[in-house]
file structure_6.pdb (PDB, C-alpha atoms)
MODEL        1
ATOM      1  CA  MET U 238     166.518 -24.840  48.323
ATOM      2  CA  LYS U 239     165.584 -27.959  46.340
ATOM      3  CA  ASN U 240     162.223 -28.249  48.149
ATOM      4  CA  THR U 241     161.391 -24.668  47.184
ATOM      5  CA  LEU U 242     162.067 -25.397  43.532
ATOM      6  CA  ILE U 243     159.994 -28.579  43.693
ATOM      7  CA  GLY U 244     157.171 -26.658  45.386
ATOM      8  CA  PHE U 245     157.373 -23.987  42.705
ATOM      9  CA  LEU U 246     157.186 -26.617  39.981
ATOM     10  CA  ILE U 247     154.144 -28.236  41.537
ATOM     11  CA  VAL U 248     152.303 -24.916  41.842
ATOM     12  CA  LEU U 249     153.219 -23.890  38.319
ATOM     13  CA  LEU U 250     152.339 -27.156  36.632
ATOM     14  CA  ARG U 251     149.014 -27.523  38.443
ATOM     15  CA  VAL U 252     147.695 -24.410  36.702
ATOM     16  CA  ASN U 253     146.354 -26.355  33.724
ATOM     17  CA  ILE U 254     147.839 -29.803  34.092
ATOM     18  CA  ARG U 255     148.050 -32.190  36.989
ATOM     19  CA  PHE U 256     151.528 -33.475  37.701
ATOM     20  CA  ARG U 257     153.509 -34.439  40.713
ATOM     21  CA  ILE U 258     157.190 -34.775  41.363
ATOM     22  CA  GLU U 259     157.900 -38.459  41.772
ATOM     23  CA  LYS U 260     159.466 -39.281  45.112
ATOM     24  CA  LEU U 261     162.128 -41.926  45.203
ATOM     25  CA  GLY U 262     161.649 -44.895  47.434
ATOM     26  CA  GLY U 263     158.752 -47.233  48.152
ATOM     27  CA  MET U 264     155.632 -45.846  46.513
ATOM     28  CA  ASP U 265     152.200 -47.402  46.478
ATOM     29  CA  VAL U 266     151.313 -47.326  42.791
ATOM     30  CA  SER U 267     147.568 -47.151  42.238
ATOM     31  CA  GLN U 268     145.776 -48.023  39.006
ATOM     32  CA  SER U 269     145.685 -44.364  37.943
ATOM     33  CA  ASP U 270     149.393 -43.987  38.753
ATOM     34  CA  GLN U 271     150.174 -46.874  36.411
ATOM     35  CA  GLU U 272     148.434 -45.007  33.577
ATOM     36  CA  LYS U 273     150.501 -41.877  34.129
ATOM     37  CA  LYS U 274     153.556 -41.062  32.087
ATOM     38  CA  ARG U 275     156.931 -40.434  33.716
ATOM     39  CA  ILE U 276     159.529 -38.206  32.132
ATOM     40  CA  THR U 277     162.757 -36.745  33.426
ATOM     41  CA  VAL U 278     163.373 -33.080  32.654
ATOM     42  CA  GLU U 279     166.039 -30.568  33.550
ATOM     43  CA  ILE U 280     165.113 -27.234  35.093
ATOM     44  CA  ASN U 281     167.704 -24.796  36.379
ATOM     45  CA  ARG U 282     170.454 -27.416  35.912
ATOM     46  CA  ARG U 283     168.603 -29.993  38.063
ATOM     47  CA  SER U 284     166.811 -33.154  36.989
ATOM     48  CA  TYR U 285     163.220 -33.863  37.994
ATOM     49  CA  THR U 286     160.951 -36.778  37.209
ATOM     50  CA  ILE U 287     157.514 -35.430  36.339
ATOM     51  CA  VAL U 288     154.522 -37.768  36.513
ATOM     52  CA  GLY U 289     151.256 -36.934  34.772
ATOM     53  CA  HIS U 290     148.674 -37.846  32.184
ATOM     54  CA  GLU U 291     149.953 -35.355  29.612
ATOM     55  CA  GLU U 292     152.029 -36.450  26.648
ATOM     56  CA  PRO U 293     155.818 -36.386  27.131
ATOM     57  CA  HIS U 294     156.277 -33.673  24.491
ATOM     58  CA  HIS U 295     153.854 -31.450  26.428
ATOM     59  CA  ILE U 296     155.660 -32.049  29.717
ATOM     60  CA  ARG U 297     158.981 -31.241  28.004
ATOM     61  CA  MET U 298     157.540 -28.040  26.557
ATOM     62  CA  VAL U 299     156.181 -26.858  29.926
ATOM     63  CA  SER U 300     159.446 -27.723  31.652
ATOM     64  CA  SER U 301     161.434 -25.949  28.955
ATOM     65  CA  LEU U 302     159.332 -22.809  29.390
ATOM     66  CA  VAL U 303     159.875 -22.899  33.164
ATOM     67  CA  ASP U 304     163.612 -23.313  32.633
ATOM     68  CA  GLN U 305     163.676 -20.491  30.077
ATOM     69  CA  LYS U 306     161.754 -18.136  32.389
ATOM     70  CA  MET U 307     164.090 -18.936  35.265
ATOM     71  CA  ARG U 308     167.133 -18.207  33.093
ATOM     72  CA  GLU U 309     165.646 -14.887  31.917
ATOM     73  CA  ILE U 310     164.958 -13.785  35.484
ATOM     74  CA  HIS U 311     168.351 -14.983  36.682
ATOM     75  CA  GLU U 312     170.116 -13.012  33.926
ATOM     76  CA  ALA U 313     168.304  -9.854  35.034
ATOM     77  CA  ASN U 314     168.861 -10.621  38.743
ATOM     78  CA  PRO U 315     172.087 -12.654  39.110
ATOM     79  CA  SER U 316     172.243 -12.160  42.888
ATOM     80  CA  LEU U 317     169.052 -14.188  43.514
ATOM     81  CA  ASP U 318     169.465 -17.539  45.222
ATOM     82  CA  THR U 319     167.525 -20.556  43.935
ATOM     83  CA  SER U 320     164.659 -20.038  46.361
ATOM     84  CA  GLN U 321     164.211 -16.381  45.448
ATOM     85  CA  LEU U 322     164.554 -17.219  41.755
ATOM     86  CA  ALA U 323     161.848 -19.892  42.025
ATOM     87  CA  VAL U 324     159.444 -17.573  43.842
ATOM     88  CA  LEU U 325     160.006 -14.694  41.421
ATOM     89  CA  THR U 326     159.535 -17.057  38.473
ATOM     90  CA  ALA U 327     156.293 -18.364  39.989
ATOM     91  CA  VAL U 328     154.992 -14.840  40.620
ATOM     92  CA  ASN U 329     155.829 -13.690  37.088
ATOM     93  CA  THR U 330     154.331 -16.816  35.545
ATOM     94  CA  MET U 331     151.116 -16.570  37.568
ATOM     95  CA  ASN U 332     150.833 -12.892  36.659
ATOM     96  CA  ASP U 333     151.051 -13.825  32.968
ATOM     97  CA  TYR U 334     148.542 -16.644  33.496
ATOM     98  CA  ILE U 335     146.008 -14.392  35.231
ATOM     99  CA  LYS U 336     146.280 -11.767  32.495
ATOM    100  CA  LEU U 337     145.726 -14.413  29.804
ATOM    101  CA  LYS U 338     142.797 -15.874  31.728
ATOM    102  CA  GLU U 339     141.207 -12.416  31.995
ATOM    103  CA  GLU U 340     141.720 -11.832  28.260
ATOM    104  CA  CYS U 341     140.162 -15.215  27.513
ATOM    105  CA  THR U 342     137.151 -14.405  29.706
ATOM    106  CA  GLU U 343     136.717 -11.047  27.927
ATOM    107  CA  LEU U 344     136.889 -12.756  24.525
ATOM    108  CA  MET U 345     134.387 -15.430  25.558
ATOM    109  CA  THR U 346     132.005 -12.741  26.839
ATOM    110  CA  TYR U 347     132.402 -10.817  23.586
ATOM    111  CA  ILE U 348     131.713 -13.941  21.510
ATOM    112  CA  GLN U 349     128.670 -14.802  23.608
ATOM    113  CA  LYS U 350     127.228 -11.269  23.172
ATOM    114  CA  LYS U 351     127.826 -11.427  19.410
ATOM    115  CA  GLU U 352     126.072 -14.809  19.203
ATOM    116  CA  GLU U 353     123.113 -13.461  21.206
ATOM    117  CA  GLU U 354     122.902 -10.417  18.929
ATOM    118  CA  GLU U 355     122.992 -12.674  15.880
ATOM    119  CA  GLU U 356     120.210 -14.854  17.296
ATOM    120  CA  LYS U 357     118.052 -11.773  17.941
ATOM    121  CA  ASN U 358     118.644 -10.534  14.402
ATOM    122  CA  ASN U 359     117.705 -13.923  12.941
ATOM    123  CA  ASP U 360     114.387 -14.094  14.843
TER     124      ASP U 360
ENDMDL
END

call {"tool": "encode", "arguments": {"input": "structure_6.pdb", "output": "structure tokens"}}
result
Amino acid sequence: MKNTLIGFLIVLLRVNIRFRIEKLGGMDVSQSDQEKKRITVEINRRSYTIVGHEEPHHIRMVSSLVDQKMREIHEANPSLDTSQLAVLTAVNTMNDYIKLKEECTELMTYIQKKEEEEEKNND
């Protein structure tokens, strides 16, 4: 159950930011690892140490959004176990991400066409 939630977190957070869940025990800490920030967050009533280059406030915000989404889905589907909840949260989140990415691509295409039209009109 815990591994599923950790896996979900890794997939979710790698969308735009590169994190990893810190494993306890003997770790080889490379130069880039030393530059990373470590912050402990709580998601679905469990603590995780997130390691990444992003600022702590950003990591907290992302983690808070994951926790909020999991609570929303759990309220609507109280019979889900943690594994099912994590997968459904990941699917919903990725669906939202893909829609936003498509909207962004459409907007960028629109802006590019407008700029090209403006250049033609100025020539």

call {"tool": "closest_residue", "arguments": {"input": "structure_6.pdb", "among": "U:Ala327, U:Asn314, U:His295, U:Leu302", "to": "U:Glu279", "atoms": "all atoms listed in the file"}}
result
U:Leu302

call {"tool": "residues_near_point", "arguments": {"input": "structure_6.pdb", "point": "(159.8, -18.7, 40.0)", "cutoff": "9 Å", "atoms": "only C-alpha atoms", "output": "list in words"}}
result
Leu242, Phe245, Leu246, Leu249, Val303, Lys306, Met307, Ile310, Thr319, Ser320, Gln321, Leu322, Ala323, Val324, Leu325, Thr326, Ala327, Val328, Asn329 and Thr330 of chain U

call {"tool": "closest_residue", "arguments": {"input": "structure_6.pdb", "among": "U:Met331, U:Gln349, U:Lys336, U:Arg297", "to": "U:Thr277", "atoms": "all atoms listed in the file"}}
result
U:Arg297

call {"tool": "atom_distance", "arguments": {"input": "structure_6.pdb", "atom1": "atom CA of U:Gln305", "atom2": "atom CA of U:Lys273"}}
result
25.4 Å

call {"tool": "residues_around", "arguments": {"input": "structure_6.pdb", "residues": "U:Glu292", "least_positions_apart": "6", "cutoff": "10 Å", "atoms": "all atoms listed in the file", "output": "JSON, numbers by chain"}}
result
{"U": [273, 274, 275, 276]}

call {"tool": "atom_distance", "arguments": {"input": "structure_6.pdb", "atom1": "atom CA of U:Ser316", "atom2": "atom CA of U:Asn281"}}
result
14.9 Å

call {"tool": "atom_distance", "arguments": {"input": "structure_6.pdb", "atom1": "atom CA of U:Glu272", "atom2": "atom CA of U:Val288"}}
result
9.9 Å
